[in-house]
Amino acid sequence: MDKAYYVTTPIYYVNDLPHIGTAYTTVVADTLARHHRLKGERVFFLTGVDEHGQHVARAAERNGVSPQEWADRMVVHFTDVWKKLNISNDFFIRTTSPRHAEVARKFIQNLYDKGDIYPDTYEGWYCVPDESFWLPSQLVEGKCPQCGREVEILQEENYFFRLSAYADRLLEHIDAHPEFVEPEMRRNEVTSFIRQGLTDQSISRKTLTWGIPLPFDENQVMYVWFDALLNYISAIDYGIDDARFESIWPADVHLIGKEILRFHAIIWPAMLMAAGLPLPRQVFAHGWLTVEGEKMSKSKGNVISPYELIDEYGVDAYRYYFLREFSFGYDGNFSRDNMTGRYNADLANALGNMVSRVLAMVERYRGGEVPEPGSAGEETDAVLKQAAAKVFGEVDAYMEKLAFNEALQAIWSYLGAVNRYVDETAAWDLAKDPALAARLDTVLYNQVEAVRLTALLVLPSMPGTAEGIWRRLGFSDSVHVHHLPAAGAWGLYPAGQKASKGDPLFPRIEK
Ligand code: ME8
């Protein structure tokens, strides 16, 4: 069996509700997973929740319930919103699951037996919201250098992971496989951080009970990040089902936000090296979304729930906007005006109108039955077919680089070619002259075929729209059973099939 294409999102803390930031990574991961499935690959797409740690324990306490009850209550918000966003994850990992704990305990025991974990005293600072340890020298004006919030003094007998021993090997790995950390600016951040010297990491907590107990010291629980990172291998049965594990690991890409880069590009690979496991092919750290120019935060009250936007714009417009508007890897700003503008221009006009126009003409001139091409091709037909022949390869190349916005631009430039074809061939003029019936047949067929390819092109980013177009084209199967490149060949639309215009895919939104 070929190894599956394996893509992951971070597992989100259950102390907050999902918002447009967490949904961003998840939509991106889903689009990537769907793109690979469309190419006929076996895919394993993982997302889930991070349920342990002090932050979650305190949220539960504030709400007067046990951490487990809190997690059980919160997890539903994540599974619900992912369902609503049409997220096609193959598994949803919860770190409170017995399977996860079993794998995590085996993993840590193994490192302990190998001597990579040892007891020592930790004296320093802890940022609870970030679940991060800091040395006094790392604090910025006495606050967490990562988020600027208050830190707490921490003095404990802990167990430490010998991270320092892996610095050279990490640098060698990144040197030999620069694609391991993307984008390049993040790679530079990682290498310069490693070059400053790595210190061993505390990987347990004594004063906390909400976590996975260490197998070699039941009085301590695993540090939440050590536990959390292991989700990527516990979800695929590491140490439990070797054949399954090996058919999925290593991950092809861990998609993360830039603030958790060090955990993924330094600590995680070192943990894997210590266990003798292959490293993920890539860690891709994207930027942060701001809202109307400001950082999203509870205290500012500007946190946006995906539901709000889905209700306003629809699921696929939601997915499209975030993929198209932000250059993946960089920070970006969300604004309603901007989203409405894109919706009307790209979705209502370029895509939705084109599909309606084409199908309306088939209804008007041929009673909905898509005709066999009737005349020899002309220059305009060749131009359209060339655009169709080119676009799939372009999209694939951009997706390979995780350049989602560029992949969509390539698709929209193809839609531009289709719209030009519709204008230039002017079926409405051909329809006036019965002598041109054969030419009209050709033009209508080509337009419909161009719409069929459109469904395949938008499938990863807008799966519901792809299916909606497929239905209008009269197919009785699902668009999701088809694969590229075969289905992307020109001329596969079965002439004689009935198509119908249906409702507008994206009704215009008045500003
Ligand atoms: O860090 N813009 O969980 P978390 C873009 N449990 N992406 C954003 C974002 C924003 N404004 N806000 C959040 C954790 N994200 C750990 C992860 S993984 C083994 C453990 C996204 O709930 C982005 O992917 O704080 C970021 O990395 C993640 O949510 C953080 O989610």
# chains A, B, ... in the order shown; residues from 1 in each chain; ligands from 1
>>> residues_around(residues="Ala426 in chain A", least_positions_apart="6", cutoff="12 Å", atoms="only C-alpha atoms", output="ChimeraX atom specification")
/A:357-358,361,380,419-420,432,436,439-440,443-444,447
>>> residues_near_ligand(ligand="ligand 1", cutoff="8 Å", atoms="only C-alpha atoms and all ligand atoms", output="ChimeraX atom specification")
/A:9-16,18-26,49-51,130,225,228-232,255-260,263-264,285-290,295-296,331
>>> residues_around(residues="Met222 in chain A", least_positions_apart="4", cutoff="7 Å", atoms="only C-alpha atoms", output="ChimeraX atom specification")
/A:203-205,211-214,226-227
>>> write_last_selection(atoms="C-alpha atoms", output="PDB file, in the first residue's frame")
ATOM      1  CA  ILE A 203       8.335  17.888  30.282  1.00  0.00           C
ATOM      2  CA  SER A 204       6.305  17.217  33.417  1.00  0.00           C
ATOM      3  CA  ARG A 205       4.291  19.029  36.061  1.00  0.00           C
ATOM      4  CA  GLY A 211      -2.815  15.473  32.430  1.00  0.00           C
ATOM      5  CA  ILE A 212      -1.408  12.084  31.549  1.00  0.00           C
ATOM      6  CA  PRO A 213       0.461  10.531  34.504  1.00  0.00           C
ATOM      7  CA  LEU A 214       4.084   9.631  33.819  1.00  0.00           C
ATOM      8  CA  PHE A 226       4.793  16.978  25.197  1.00  0.00           C
ATOM      9  CA  ASP A 227       1.414  15.247  25.371  1.00  0.00           C
TER      10      ASP A 227
END
>>> residues_around(residues="Arg42 in chain A", least_positions_apart="5", cutoff="8 Å", atoms="only C-alpha atoms", output="MDAnalysis selection string")
chainID A and resid 2:5 36:37
>>> residues_around(residues="range 191-195 of chain A", least_positions_apart="2", cutoff="10 Å", atoms="only C-alpha atoms", output="list in words")
Ser164, Tyr166, Ala167, Asp168, Leu170, Leu171, Ile174, Asp175, Val181, Arg186, Arg187, Asn188, Glu189, Gly197, Leu198, Thr199, Arg262, Ala265 and Ile266 of chain A
>>> residues_around(residues="range 132-141 of chain A", least_positions_apart="4", cutoff="12 Å", atoms="only C-alpha atoms", output="number ranges by chain")
A: 53-55, 122-128, 145-156, 199-205, 223-226, 259-260, 262-263
>>> atom_distance(atom1="CA of Phe334 in chain A", atom2="CA of Pro306 in chain A")
12.2 Å
>>> closest_residue(among="A:Phe92, A:Trp428, A:Tyr414, A:Tyr493", to="Tyr445 in chain A", atoms="only C-alpha atoms")
A:Tyr493
>>> select_by_dssp(residues="range 72-298 of chain A", states="alpha helix (DSSP H)", output="PyMOL selection string")
chain A and resi 72-84+98-113+167-176+184-195+224-229+231-234+242-246+261-262+268-275
>>> residues_around(residues="His482 in chain A", least_positions_apart="5", cutoff="9 Å", atoms="only C-alpha atoms", output="PyMOL selection string")
chain A and resi 38-40+456+487
>>> select_by_dssp(residues="range 236-368 of chain A", states="strand (DSSP E or B)", output="list of chain:residue names")
A:Val253, A:His254, A:Leu255, A:Ile256, A:Gly257, A:Val283, A:Phe284, A:Ala285, A:His286, A:Leu289, A:Thr290, A:Val291, A:Glu294, A:Lys295, A:Gly332, A:Asn333, A:Phe334
>>> closest_residue(among="A:Trp82, A:Phe180, A:Tyr238, A:Tyr159", to="Lys206 in chain A", atoms="only C-alpha atoms")
A:Tyr159
>>> atom_distance(atom1="CA of Leu85 in chain A", atom2="CA of Ser356 in chain A")
24.7 Å
>>> atom_distance(atom1="CA of Val27 in chain A", atom2="CA of Arg319 in chain A")
6.4 Å
